[in-house]
file target_8.txt (compact mmCIF, N, CA and C atoms)
# COMPACT_ATOMS: atom_id res chain seq x y z
N MET A 1 70.15 91.83 -90.68
CA MET A 1 69.57 90.90 -89.75
C MET A 1 70.04 91.26 -88.34
N THR A 2 69.10 91.31 -87.42
CA THR A 2 69.41 91.59 -86.02
C THR A 2 69.97 90.34 -85.37
N ARG A 3 71.08 90.52 -84.66
CA ARG A 3 71.66 89.41 -83.88
C ARG A 3 71.57 89.76 -82.41
N TYR A 4 71.41 88.74 -81.62
CA TYR A 4 71.26 88.90 -80.18
C TYR A 4 72.38 88.17 -79.45
N SER A 5 72.69 88.64 -78.25
CA SER A 5 73.53 87.90 -77.32
C SER A 5 72.61 87.00 -76.51
N VAL A 6 73.07 85.81 -76.22
CA VAL A 6 72.25 84.86 -75.46
C VAL A 6 72.96 84.58 -74.14
N LYS A 7 72.21 84.75 -73.05
CA LYS A 7 72.75 84.57 -71.70
C LYS A 7 71.96 83.48 -71.00
N ALA A 8 72.56 82.92 -69.94
CA ALA A 8 71.87 81.91 -69.14
C ALA A 8 72.25 82.07 -67.69
N ARG A 9 71.33 81.71 -66.83
CA ARG A 9 71.55 81.69 -65.39
C ARG A 9 71.03 80.34 -64.89
N VAL A 10 71.74 79.73 -63.96
CA VAL A 10 71.26 78.49 -63.37
C VAL A 10 70.11 78.85 -62.43
N ALA A 11 68.90 78.40 -62.78
CA ALA A 11 67.71 78.70 -62.00
C ALA A 11 67.56 77.74 -60.81
N ARG A 12 67.85 76.47 -61.06
CA ARG A 12 67.75 75.47 -60.00
C ARG A 12 68.39 74.17 -60.47
N ILE A 13 68.68 73.32 -59.51
CA ILE A 13 69.19 71.98 -59.81
C ILE A 13 68.20 71.02 -59.16
N LEU A 14 67.57 70.19 -59.97
CA LEU A 14 66.51 69.32 -59.49
C LEU A 14 67.07 68.11 -58.73
N GLU A 15 66.18 67.43 -58.07
CA GLU A 15 66.52 66.20 -57.33
C GLU A 15 67.50 66.45 -56.19
N ALA A 16 67.60 67.69 -55.72
CA ALA A 16 68.54 68.05 -54.65
C ALA A 16 69.95 67.58 -54.97
N GLY A 17 70.29 67.63 -56.23
CA GLY A 17 71.60 67.16 -56.66
C GLY A 17 72.60 68.29 -56.79
N GLU A 18 73.69 67.97 -57.42
CA GLU A 18 74.70 68.98 -57.73
C GLU A 18 75.34 68.64 -59.05
N CYS A 19 75.73 69.67 -59.77
CA CYS A 19 76.37 69.48 -61.06
C CYS A 19 77.78 68.93 -60.84
N PRO A 20 78.18 67.90 -61.57
CA PRO A 20 79.53 67.35 -61.42
C PRO A 20 80.63 68.37 -61.74
N LEU A 21 80.30 69.43 -62.51
CA LEU A 21 81.30 70.45 -62.82
C LEU A 21 81.31 71.58 -61.81
N GLY A 22 80.47 71.50 -60.79
CA GLY A 22 80.46 72.53 -59.77
C GLY A 22 79.62 73.75 -60.09
N ILE A 23 78.78 73.66 -61.12
CA ILE A 23 77.88 74.77 -61.45
C ILE A 23 76.86 74.89 -60.33
N LYS A 24 76.62 76.13 -59.88
CA LYS A 24 75.72 76.40 -58.76
C LYS A 24 74.55 77.28 -59.19
N VAL A 25 73.47 77.23 -58.43
CA VAL A 25 72.33 78.10 -58.66
C VAL A 25 72.80 79.54 -58.60
N GLY A 26 72.41 80.32 -59.59
CA GLY A 26 72.79 81.73 -59.68
C GLY A 26 73.96 81.99 -60.61
N ASP A 27 74.71 80.96 -60.98
CA ASP A 27 75.82 81.15 -61.93
C ASP A 27 75.26 81.65 -63.26
N GLU A 28 75.97 82.58 -63.90
CA GLU A 28 75.54 83.13 -65.18
C GLU A 28 76.60 82.87 -66.24
N PHE A 29 76.13 82.70 -67.48
CA PHE A 29 77.00 82.39 -68.60
C PHE A 29 76.59 83.20 -69.82
N ASP A 30 77.57 83.60 -70.62
CA ASP A 30 77.31 84.21 -71.91
C ASP A 30 77.40 83.08 -72.94
N LEU A 31 76.26 82.64 -73.43
CA LEU A 31 76.23 81.52 -74.36
C LEU A 31 76.60 81.93 -75.78
N SER A 32 76.80 83.22 -76.00
CA SER A 32 77.23 83.71 -77.31
C SER A 32 78.72 83.50 -77.52
N ARG A 33 79.44 83.25 -76.44
CA ARG A 33 80.89 82.98 -76.54
C ARG A 33 81.11 81.64 -77.22
N ASN A 34 82.30 81.46 -77.76
CA ASN A 34 82.61 80.20 -78.46
C ASN A 34 82.64 79.00 -77.55
N SER A 35 83.06 79.17 -76.31
CA SER A 35 83.15 78.01 -75.43
C SER A 35 82.74 78.38 -74.00
N PRO A 36 81.43 78.47 -73.75
CA PRO A 36 81.00 78.74 -72.38
C PRO A 36 81.40 77.58 -71.48
N PRO A 37 81.62 77.81 -70.20
CA PRO A 37 82.12 76.76 -69.30
C PRO A 37 81.04 75.77 -68.88
N LEU A 38 80.51 75.04 -69.86
CA LEU A 38 79.50 74.02 -69.61
C LEU A 38 80.00 72.69 -70.13
N CYS A 39 79.49 71.61 -69.57
CA CYS A 39 79.83 70.30 -70.12
C CYS A 39 79.17 70.17 -71.50
N HIS A 40 79.70 69.27 -72.31
CA HIS A 40 79.16 69.15 -73.67
C HIS A 40 77.72 68.66 -73.67
N TRP A 41 77.29 67.92 -72.65
CA TRP A 41 75.90 67.46 -72.59
C TRP A 41 74.95 68.64 -72.41
N ALA A 42 75.27 69.53 -71.48
CA ALA A 42 74.42 70.70 -71.25
C ALA A 42 74.45 71.61 -72.48
N TYR A 43 75.64 71.86 -73.02
CA TYR A 43 75.74 72.75 -74.17
C TYR A 43 74.95 72.21 -75.36
N ASN A 44 75.06 70.91 -75.62
CA ASN A 44 74.32 70.32 -76.74
C ASN A 44 72.81 70.41 -76.54
N ALA A 45 72.34 70.33 -75.29
CA ALA A 45 70.91 70.47 -75.02
C ALA A 45 70.46 71.91 -75.25
N LEU A 46 71.30 72.88 -74.90
CA LEU A 46 70.96 74.29 -75.02
C LEU A 46 71.18 74.84 -76.43
N TYR A 47 72.00 74.17 -77.22
CA TYR A 47 72.41 74.70 -78.52
C TYR A 47 71.24 75.11 -79.44
N PRO A 48 70.19 74.30 -79.57
CA PRO A 48 69.09 74.75 -80.43
C PRO A 48 68.46 76.06 -79.97
N VAL A 49 68.31 76.23 -78.65
CA VAL A 49 67.75 77.47 -78.12
C VAL A 49 68.71 78.64 -78.38
N ILE A 50 70.00 78.40 -78.22
CA ILE A 50 71.01 79.43 -78.50
C ILE A 50 70.86 79.92 -79.94
N CYS A 51 70.78 78.99 -80.88
CA CYS A 51 70.65 79.36 -82.30
C CYS A 51 69.36 80.12 -82.57
N ILE A 52 68.26 79.64 -82.03
CA ILE A 52 66.97 80.30 -82.25
C ILE A 52 66.99 81.72 -81.69
N PHE A 53 67.47 81.87 -80.46
CA PHE A 53 67.50 83.20 -79.84
C PHE A 53 68.51 84.13 -80.50
N THR A 54 69.63 83.61 -80.95
CA THR A 54 70.66 84.45 -81.58
C THR A 54 70.12 85.17 -82.80
N TYR A 55 69.29 84.49 -83.58
CA TYR A 55 68.84 85.06 -84.84
C TYR A 55 67.39 85.55 -84.81
N GLY A 56 66.83 85.73 -83.61
CA GLY A 56 65.52 86.36 -83.47
C GLY A 56 64.33 85.44 -83.56
N GLY A 57 64.55 84.14 -83.59
CA GLY A 57 63.44 83.20 -83.65
C GLY A 57 62.74 83.08 -82.30
N THR A 58 61.62 82.38 -82.30
CA THR A 58 60.86 82.17 -81.08
C THR A 58 60.58 80.68 -80.87
N LEU A 59 60.28 80.35 -79.64
CA LEU A 59 59.93 78.98 -79.27
C LEU A 59 58.41 78.87 -79.19
N PRO A 60 57.86 77.68 -79.40
CA PRO A 60 56.40 77.54 -79.41
C PRO A 60 55.78 77.43 -78.01
N TRP A 61 56.51 77.76 -76.96
CA TRP A 61 55.95 77.70 -75.61
C TRP A 61 56.39 78.93 -74.83
N GLY A 62 55.74 79.15 -73.70
CA GLY A 62 56.09 80.26 -72.82
C GLY A 62 55.40 81.55 -73.21
N ASP A 63 55.39 82.48 -72.26
CA ASP A 63 54.73 83.76 -72.46
C ASP A 63 55.67 84.84 -72.97
N ASP A 64 56.97 84.66 -72.76
CA ASP A 64 57.95 85.68 -73.13
C ASP A 64 58.79 85.16 -74.29
N PRO A 65 58.72 85.78 -75.47
CA PRO A 65 59.47 85.28 -76.62
C PRO A 65 60.98 85.45 -76.50
N ASP A 66 61.44 86.22 -75.49
CA ASP A 66 62.87 86.48 -75.31
C ASP A 66 63.47 85.72 -74.14
N ARG A 67 62.72 84.83 -73.52
CA ARG A 67 63.19 84.16 -72.31
C ARG A 67 62.53 82.79 -72.21
N THR A 68 63.29 81.79 -71.74
CA THR A 68 62.73 80.46 -71.52
C THR A 68 63.57 79.74 -70.47
N GLU A 69 63.12 78.59 -70.08
CA GLU A 69 63.91 77.70 -69.23
C GLU A 69 64.17 76.42 -70.01
N PHE A 70 65.35 75.86 -69.79
CA PHE A 70 65.73 74.62 -70.46
C PHE A 70 66.59 73.82 -69.51
N CYS A 71 66.57 72.52 -69.64
CA CYS A 71 67.23 71.64 -68.68
C CYS A 71 68.32 70.81 -69.36
N CYS A 72 69.42 70.60 -68.66
CA CYS A 72 70.43 69.68 -69.17
C CYS A 72 69.91 68.25 -69.01
N PRO A 73 70.46 67.29 -69.72
CA PRO A 73 69.90 65.94 -69.72
C PRO A 73 70.41 65.01 -68.61
N ASP A 74 71.18 65.51 -67.65
CA ASP A 74 71.70 64.64 -66.59
C ASP A 74 70.52 64.12 -65.76
N PRO A 75 70.22 62.82 -65.80
CA PRO A 75 69.04 62.31 -65.11
C PRO A 75 69.18 62.33 -63.59
N ASN A 76 70.39 62.39 -63.08
CA ASN A 76 70.60 62.39 -61.63
C ASN A 76 70.68 63.79 -61.04
N ASN A 77 71.11 64.77 -61.82
CA ASN A 77 71.31 66.14 -61.35
C ASN A 77 70.91 67.14 -62.43
N PRO A 78 69.65 67.13 -62.86
CA PRO A 78 69.28 68.02 -63.95
C PRO A 78 69.37 69.50 -63.55
N VAL A 79 70.20 70.21 -64.29
CA VAL A 79 70.38 71.64 -64.07
C VAL A 79 69.41 72.38 -64.98
N VAL A 80 68.61 73.27 -64.39
CA VAL A 80 67.63 74.05 -65.15
C VAL A 80 68.22 75.45 -65.36
N PHE A 81 68.33 75.83 -66.63
CA PHE A 81 68.88 77.12 -67.00
C PHE A 81 67.75 78.05 -67.42
N GLU A 82 67.78 79.29 -66.94
CA GLU A 82 66.94 80.35 -67.47
C GLU A 82 67.76 80.97 -68.59
N ILE A 83 67.21 81.04 -69.79
CA ILE A 83 67.94 81.53 -70.96
C ILE A 83 67.20 82.75 -71.50
N TRP A 84 67.95 83.80 -71.83
CA TRP A 84 67.34 84.99 -72.41
C TRP A 84 68.26 85.59 -73.45
N ARG A 85 67.68 86.48 -74.25
CA ARG A 85 68.47 87.15 -75.27
C ARG A 85 68.42 88.65 -75.05
N GLU A 86 69.49 89.31 -75.51
CA GLU A 86 69.60 90.75 -75.45
C GLU A 86 70.17 91.20 -76.79
N LEU A 87 69.79 92.39 -77.22
CA LEU A 87 70.42 92.94 -78.42
C LEU A 87 71.92 93.00 -78.20
N GLN A 88 72.70 92.61 -79.20
CA GLN A 88 74.16 92.66 -79.04
C GLN A 88 74.57 94.07 -78.71
N GLY A 89 75.52 94.16 -77.78
CA GLY A 89 76.02 95.46 -77.37
C GLY A 89 75.28 96.06 -76.20
N THR A 90 74.29 95.33 -75.65
CA THR A 90 73.58 95.86 -74.48
C THR A 90 73.97 95.13 -73.24
call {"tool": "encode", "arguments": {"input": "target_8.txt", "output": "structure tokens"}}
result
Amino acid sequence: MTRYSVKARVARILEAGECPLGIKVGDEFDLSRNSPPLCHWAYNALYPVICIFTYGGTLPWGDDPDRTEFCCPDPNNPVVFEIWRELQGT
């Protein structure tokens, strides 16, 4: 079975807000690590996408099966993450 590394970049923060943890637009994370530096709310929102991308699955939306955007659930400062997968070791 092919496994992928899953990465994320902060694409934007909506509502002209700011993340309470200090995450900024352009920050990148390796979501394949055991504990990426995200709050548990953001991580729990991204977790299904992490699992799907890690094992080669696809999402039912978007044009690129290896890339999507997903948002944390903070209603005051929603952080939008661009998430993509790469073959492990690349």
call {"tool": "closest_residue", "arguments": {"input": "target_8.txt", "among": "A:Val79, A:Leu38, A:Leu87, A:Ile50", "to": "Cys19 (chain A)", "atoms": "only C-alpha atoms"}}
result
A:Val79
call {"tool": "residues_around", "arguments": {"input": "target_8.txt", "residues": "Tyr43 (chain A)", "least_positions_apart": "2", "cutoff": "12 Å", "atoms": "only C-alpha atoms", "output": "short mmCIF file (atom, residue, chain, number, x, y, z; two decimals) with N, CA and C atoms, in the coordinates of the input"}}
result
data_model
loop_
_atom_site.label_atom_id
_atom_site.label_comp_id
_atom_site.auth_asym_id
_atom_site.auth_seq_id
_atom_site.Cartn_x
_atom_site.Cartn_y
_atom_site.Cartn_z
N ALA A 8 72.56 82.92 -69.94
CA ALA A 8 71.87 81.91 -69.14
C ALA A 8 72.25 82.07 -67.69
N PHE A 29 76.13 82.70 -67.48
CA PHE A 29 77.00 82.39 -68.60
C PHE A 29 76.59 83.20 -69.82
N ASP A 30 77.57 83.60 -70.62
CA ASP A 30 77.31 84.21 -71.91
C ASP A 30 77.40 83.08 -72.94
N LEU A 31 76.26 82.64 -73.43
CA LEU A 31 76.23 81.52 -74.36
C LEU A 31 76.60 81.93 -75.78
N SER A 32 76.80 83.22 -76.00
CA SER A 32 77.23 83.71 -77.31
C SER A 32 78.72 83.50 -77.52
N ARG A 33 79.44 83.25 -76.44
CA ARG A 33 80.89 82.98 -76.54
C ARG A 33 81.11 81.64 -77.22
N ASN A 34 82.30 81.46 -77.76
CA ASN A 34 82.61 80.20 -78.46
C ASN A 34 82.64 79.00 -77.55
N SER A 35 83.06 79.17 -76.31
CA SER A 35 83.15 78.01 -75.43
C SER A 35 82.74 78.38 -74.00
N PRO A 36 81.43 78.47 -73.75
CA PRO A 36 81.00 78.74 -72.38
C PRO A 36 81.40 77.58 -71.48
N PRO A 37 81.62 77.81 -70.20
CA PRO A 37 82.12 76.76 -69.30
C PRO A 37 81.04 75.77 -68.88
N LEU A 38 80.51 75.04 -69.86
CA LEU A 38 79.50 74.02 -69.61
C LEU A 38 80.00 72.69 -70.13
N CYS A 39 79.49 71.61 -69.57
CA CYS A 39 79.83 70.30 -70.12
C CYS A 39 79.17 70.17 -71.50
N HIS A 40 79.70 69.27 -72.31
CA HIS A 40 79.16 69.15 -73.67
C HIS A 40 77.72 68.66 -73.67
N TRP A 41 77.29 67.92 -72.65
CA TRP A 41 75.90 67.46 -72.59
C TRP A 41 74.95 68.64 -72.41
N ALA A 45 72.34 70.33 -75.29
CA ALA A 45 70.91 70.47 -75.02
C ALA A 45 70.46 71.91 -75.25
N LEU A 46 71.30 72.88 -74.90
CA LEU A 46 70.96 74.29 -75.02
C LEU A 46 71.18 74.84 -76.43
N TYR A 47 72.00 74.17 -77.22
CA TYR A 47 72.41 74.70 -78.52
C TYR A 47 71.24 75.11 -79.44
N PRO A 48 70.19 74.30 -79.57
CA PRO A 48 69.09 74.75 -80.43
C PRO A 48 68.46 76.06 -79.97
N VAL A 49 68.31 76.23 -78.65
CA VAL A 49 67.75 77.47 -78.12
C VAL A 49 68.71 78.64 -78.38
N ILE A 50 70.00 78.40 -78.22
CA ILE A 50 71.01 79.43 -78.50
C ILE A 50 70.86 79.92 -79.94
N CYS A 51 70.78 78.99 -80.88
CA CYS A 51 70.65 79.36 -82.30
C CYS A 51 69.36 80.12 -82.57
N PHE A 70 65.35 75.86 -69.79
CA PHE A 70 65.73 74.62 -70.46
C PHE A 70 66.59 73.82 -69.51
N CYS A 71 66.57 72.52 -69.64
CA CYS A 71 67.23 71.64 -68.68
C CYS A 71 68.32 70.81 -69.36
N CYS A 72 69.42 70.60 -68.66
CA CYS A 72 70.43 69.68 -69.17
C CYS A 72 69.91 68.25 -69.01
N PRO A 73 70.46 67.29 -69.72
CA PRO A 73 69.90 65.94 -69.72
C PRO A 73 70.41 65.01 -68.61
N ASP A 74 71.18 65.51 -67.65
CA ASP A 74 71.70 64.64 -66.59
C ASP A 74 70.52 64.12 -65.76
N VAL A 79 70.20 70.21 -64.29
CA VAL A 79 70.38 71.64 -64.07
C VAL A 79 69.41 72.38 -64.98
N PHE A 81 68.33 75.83 -66.63
CA PHE A 81 68.88 77.12 -67.00
C PHE A 81 67.75 78.05 -67.42
#
call {"tool": "residues_around", "arguments": {"input": "target_8.txt", "residues": "Gly17 (chain A)", "least_positions_apart": "6", "cutoff": "8 Å", "atoms": "only C-alpha atoms", "output": "mmCIF file with N, CA and C atoms, keeping the file's coordinate frame"}}
result
data_model
loop_
_atom_site.group_PDB
_atom_site.id
_atom_site.type_symbol
_atom_site.label_atom_id
_atom_site.label_comp_id
_atom_site.auth_asym_id
_atom_site.auth_seq_id
_atom_site.Cartn_x
_atom_site.Cartn_y
_atom_site.Cartn_z
ATOM 1 N N ASN A 76 70.390 62.390 -63.080
ATOM 2 C CA ASN A 76 70.600 62.390 -61.630
ATOM 3 C C ASN A 76 70.680 63.790 -61.040
ATOM 4 N N ASN A 77 71.110 64.770 -61.820
ATOM 5 C CA ASN A 77 71.310 66.140 -61.350
ATOM 6 C C ASN A 77 70.910 67.140 -62.430
ATOM 7 N N PRO A 78 69.650 67.130 -62.860
ATOM 8 C CA PRO A 78 69.280 68.020 -63.950
ATOM 9 C C PRO A 78 69.370 69.500 -63.550
#
call {"tool": "residues_around", "arguments": {"input": "target_8.txt", "residues": "Glu69 (chain A)", "least_positions_apart": "6", "cutoff": "7 Å", "atoms": "only C-alpha atoms", "output": "ChimeraX atom specification"}}
result
/A:80-83
call {"tool": "residues_near_point", "arguments": {"input": "target_8.txt", "point": "(68.8, 91.3, -88.7)", "cutoff": "8 Å", "atoms": "only N, CA and C atoms", "output": "PDB file with N, CA and C atoms, keeping the file's coordinate frame"}}
result
ATOM      1  N   MET A   1      70.150  91.830 -90.680  1.00  0.00           N
ATOM      2  CA  MET A   1      69.570  90.900 -89.750  1.00  0.00           C
ATOM      3  C   MET A   1      70.040  91.260 -88.340  1.00  0.00           C
ATOM      4  N   THR A   2      69.100  91.310 -87.420  1.00  0.00           N
ATOM      5  CA  THR A   2      69.410  91.590 -86.020  1.00  0.00           C
ATOM      6  C   THR A   2      69.970  90.340 -85.370  1.00  0.00           C
ATOM      7  N   ARG A   3      71.080  90.520 -84.660  1.00  0.00           N
ATOM      8  CA  ARG A   3      71.660  89.410 -83.880  1.00  0.00           C
ATOM      9  C   ARG A   3      71.570  89.760 -82.410  1.00  0.00           C
ATOM     10  N   TYR A   4      71.410  88.740 -81.620  1.00  0.00           N
ATOM     11  CA  TYR A   4      71.260  88.900 -80.180  1.00  0.00           C
ATOM     12  C   TYR A   4      72.380  88.170 -79.450  1.00  0.00           C
ATOM     13  N   TYR A  55      69.290  84.490 -83.580  1.00  0.00           N
ATOM     14  CA  TYR A  55      68.840  85.060 -84.840  1.00  0.00           C
ATOM     15  C   TYR A  55      67.390  85.550 -84.810  1.00  0.00           C
ATOM     16  N   GLY A  56      66.830  85.730 -83.610  1.00  0.00           N
ATOM     17  CA  GLY A  56      65.520  86.360 -83.470  1.00  0.00           C
ATOM     18  C   GLY A  56      64.330  85.440 -83.560  1.00  0.00           C
TER      19      GLY A  56
END
call {"tool": "atom_distance", "arguments": {"input": "target_8.txt", "atom1": "atom C of Arg67 (chain A)", "atom2": "atom C of Arg85 (chain A)"}}
result
8.8 Å
call {"tool": "select_by_dssp", "arguments": {"input": "target_8.txt", "residues": "chain A", "states": "strand (DSSP E or B)", "output": "ChimeraX atom specification"}}
result
/A:4-13,28-30,67-71,79-87
call {"tool": "atom_distance", "arguments": {"input": "target_8.txt", "atom1": "CA of Thr68 (chain A)", "atom2": "atom C of Lys7 (chain A)"}}
result
9.7 Å
call {"tool": "atom_distance", "arguments": {"input": "target_8.txt", "atom1": "CA of Arg12 (chain A)", "atom2": "CA of Pro60 (chain A)"}}
result
22.6 Å
call {"tool": "select_by_dssp", "arguments": {"input": "target_8.txt", "residues": "chain A", "states": "alpha helix (DSSP H)", "output": "ChimeraX atom specification"}}
result
/A:40-54
call {"tool": "closest_residue", "arguments": {"input": "target_8.txt", "among": "A:Ala42, A:Val10, A:Asp66, A:Pro20", "to": "Trp84 (chain A)", "atoms": "all atoms listed in the file"}}
result
A:Asp66
call {"tool": "closest_residue", "arguments": {"input": "target_8.txt", "among": "A:Thr54, A:Val25, A:Pro75, A:Asp63", "to": "Ile13 (chain A)", "atoms": "only N, CA and C atoms"}}
result
A:Val25
call {"tool": "decode", "arguments": {"input": "target_8.txt", "residues": "region 14-34 of chain A", "atoms": "N, CA and C atoms", "output": "PDB file, in the first residue's frame"}}
result
ATOM      1  N   LEU A  14      -9.882  34.117   7.640  1.00  0.00           N
ATOM      2  CA  LEU A  14     -11.072  34.867   7.266  1.00  0.00           C
ATOM      3  C   LEU A  14     -11.477  35.864   8.349  1.00  0.00           C
ATOM      4  N   GLU A  15     -12.371  36.736   7.985  1.00  0.00           N
ATOM      5  CA  GLU A  15     -12.926  37.735   8.907  1.00  0.00           C
ATOM      6  C   GLU A  15     -11.869  38.708   9.414  1.00  0.00           C
ATOM      7  N   ALA A  16     -10.757  38.844   8.706  1.00  0.00           N
ATOM      8  CA  ALA A  16      -9.660  39.735   9.118  1.00  0.00           C
ATOM      9  C   ALA A  16      -9.245  39.460  10.560  1.00  0.00           C
ATOM     10  N   GLY A  17      -9.295  38.204  10.933  1.00  0.00           N
ATOM     11  CA  GLY A  17      -8.966  37.825  12.300  1.00  0.00           C
ATOM     12  C   GLY A  17      -7.536  37.357  12.433  1.00  0.00           C
ATOM     13  N   GLU A  18      -7.272  36.756  13.559  1.00  0.00           N
ATOM     14  CA  GLU A  18      -5.964  36.147  13.789  1.00  0.00           C
ATOM     15  C   GLU A  18      -6.148  34.917  14.643  1.00  0.00           C
ATOM     16  N   CYS A  19      -5.305  33.936  14.409  1.00  0.00           N
ATOM     17  CA  CYS A  19      -5.369  32.701  15.163  1.00  0.00           C
ATOM     18  C   CYS A  19      -4.882  32.965  16.590  1.00  0.00           C
ATOM     19  N   PRO A  20      -5.601  32.492  17.610  1.00  0.00           N
ATOM     20  CA  PRO A  20      -5.167  32.693  18.991  1.00  0.00           C
ATOM     21  C   PRO A  20      -3.809  32.061  19.291  1.00  0.00           C
ATOM     22  N   LEU A  21      -3.378  31.068  18.479  1.00  0.00           N
ATOM     23  CA  LEU A  21      -2.071  30.444  18.690  1.00  0.00           C
ATOM     24  C   LEU A  21      -0.963  31.140  17.922  1.00  0.00           C
ATOM     25  N   GLY A  22      -1.292  32.193  17.192  1.00  0.00           N
ATOM     26  CA  GLY A  22      -0.269  32.924  16.461  1.00  0.00           C
ATOM     27  C   GLY A  22       0.067  32.355  15.097  1.00  0.00           C
ATOM     28  N   ILE A  23      -0.745  31.434  14.590  1.00  0.00           N
ATOM     29  CA  ILE A  23      -0.527  30.893  13.252  1.00  0.00           C
ATOM     30  C   ILE A  23      -0.785  32.009  12.246  1.00  0.00           C
ATOM     31  N   LYS A  24       0.120  32.138  11.269  1.00  0.00           N
ATOM     32  CA  LYS A  24       0.050  33.210  10.276  1.00  0.00           C
ATOM     33  C   LYS A  24      -0.091  32.641   8.868  1.00  0.00           C
ATOM     34  N   VAL A  25      -0.599  33.455   7.958  1.00  0.00           N
ATOM     35  CA  VAL A  25      -0.683  33.082   6.552  1.00  0.00           C
ATOM     36  C   VAL A  25       0.719  32.745   6.061  1.00  0.00           C
ATOM     37  N   GLY A  26       0.836  31.621   5.383  1.00  0.00           N
ATOM     38  CA  GLY A  26       2.121  31.156   4.859  1.00  0.00           C
ATOM     39  C   GLY A  26       2.801  30.116   5.725  1.00  0.00           C
ATOM     40  N   ASP A  27       2.383  29.975   6.983  1.00  0.00           N
ATOM     41  CA  ASP A  27       2.967  28.938   7.851  1.00  0.00           C
ATOM     42  C   ASP A  27       2.693  27.570   7.247  1.00  0.00           C
ATOM     43  N   GLU A  28       3.681  26.674   7.318  1.00  0.00           N
ATOM     44  CA  GLU A  28       3.531  25.318   6.787  1.00  0.00           C
ATOM     45  C   GLU A  28       3.724  24.293   7.896  1.00  0.00           C
ATOM     46  N   PHE A  29       3.012  23.169   7.755  1.00  0.00           N
ATOM     47  CA  PHE A  29       3.045  22.110   8.751  1.00  0.00           C
ATOM     48  C   PHE A  29       3.119  20.756   8.071  1.00  0.00           C
ATOM     49  N   ASP A  30       3.827  19.828   8.697  1.00  0.00           N
ATOM     50  CA  ASP A  30       3.826  18.436   8.263  1.00  0.00           C
ATOM     51  C   ASP A  30       2.781  17.726   9.115  1.00  0.00           C
ATOM     52  N   LEU A  31       1.637  17.437   8.525  1.00  0.00           N
ATOM     53  CA  LEU A  31       0.540  16.819   9.269  1.00  0.00           C
ATOM     54  C   LEU A  31       0.740  15.326   9.465  1.00  0.00           C
ATOM     55  N   SER A  32       1.798  14.777   8.879  1.00  0.00           N
ATOM     56  CA  SER A  32       2.111  13.360   9.063  1.00  0.00           C
ATOM     57  C   SER A  32       2.808  13.114  10.397  1.00  0.00           C
ATOM     58  N   ARG A  33       3.301  14.182  11.008  1.00  0.00           N
ATOM     59  CA  ARG A  33       3.949  14.056  12.325  1.00  0.00           C
ATOM     60  C   ARG A  33       2.906  13.733  13.379  1.00  0.00           C
ATOM     61  N   ASN A  34       3.353  13.177  14.490  1.00  0.00           N
ATOM     62  CA  ASN A  34       2.418  12.799  15.557  1.00  0.00           C
ATOM     63  C   ASN A  34       1.734  13.980  16.206  1.00  0.00           C
TER      64      ASN A  34
END
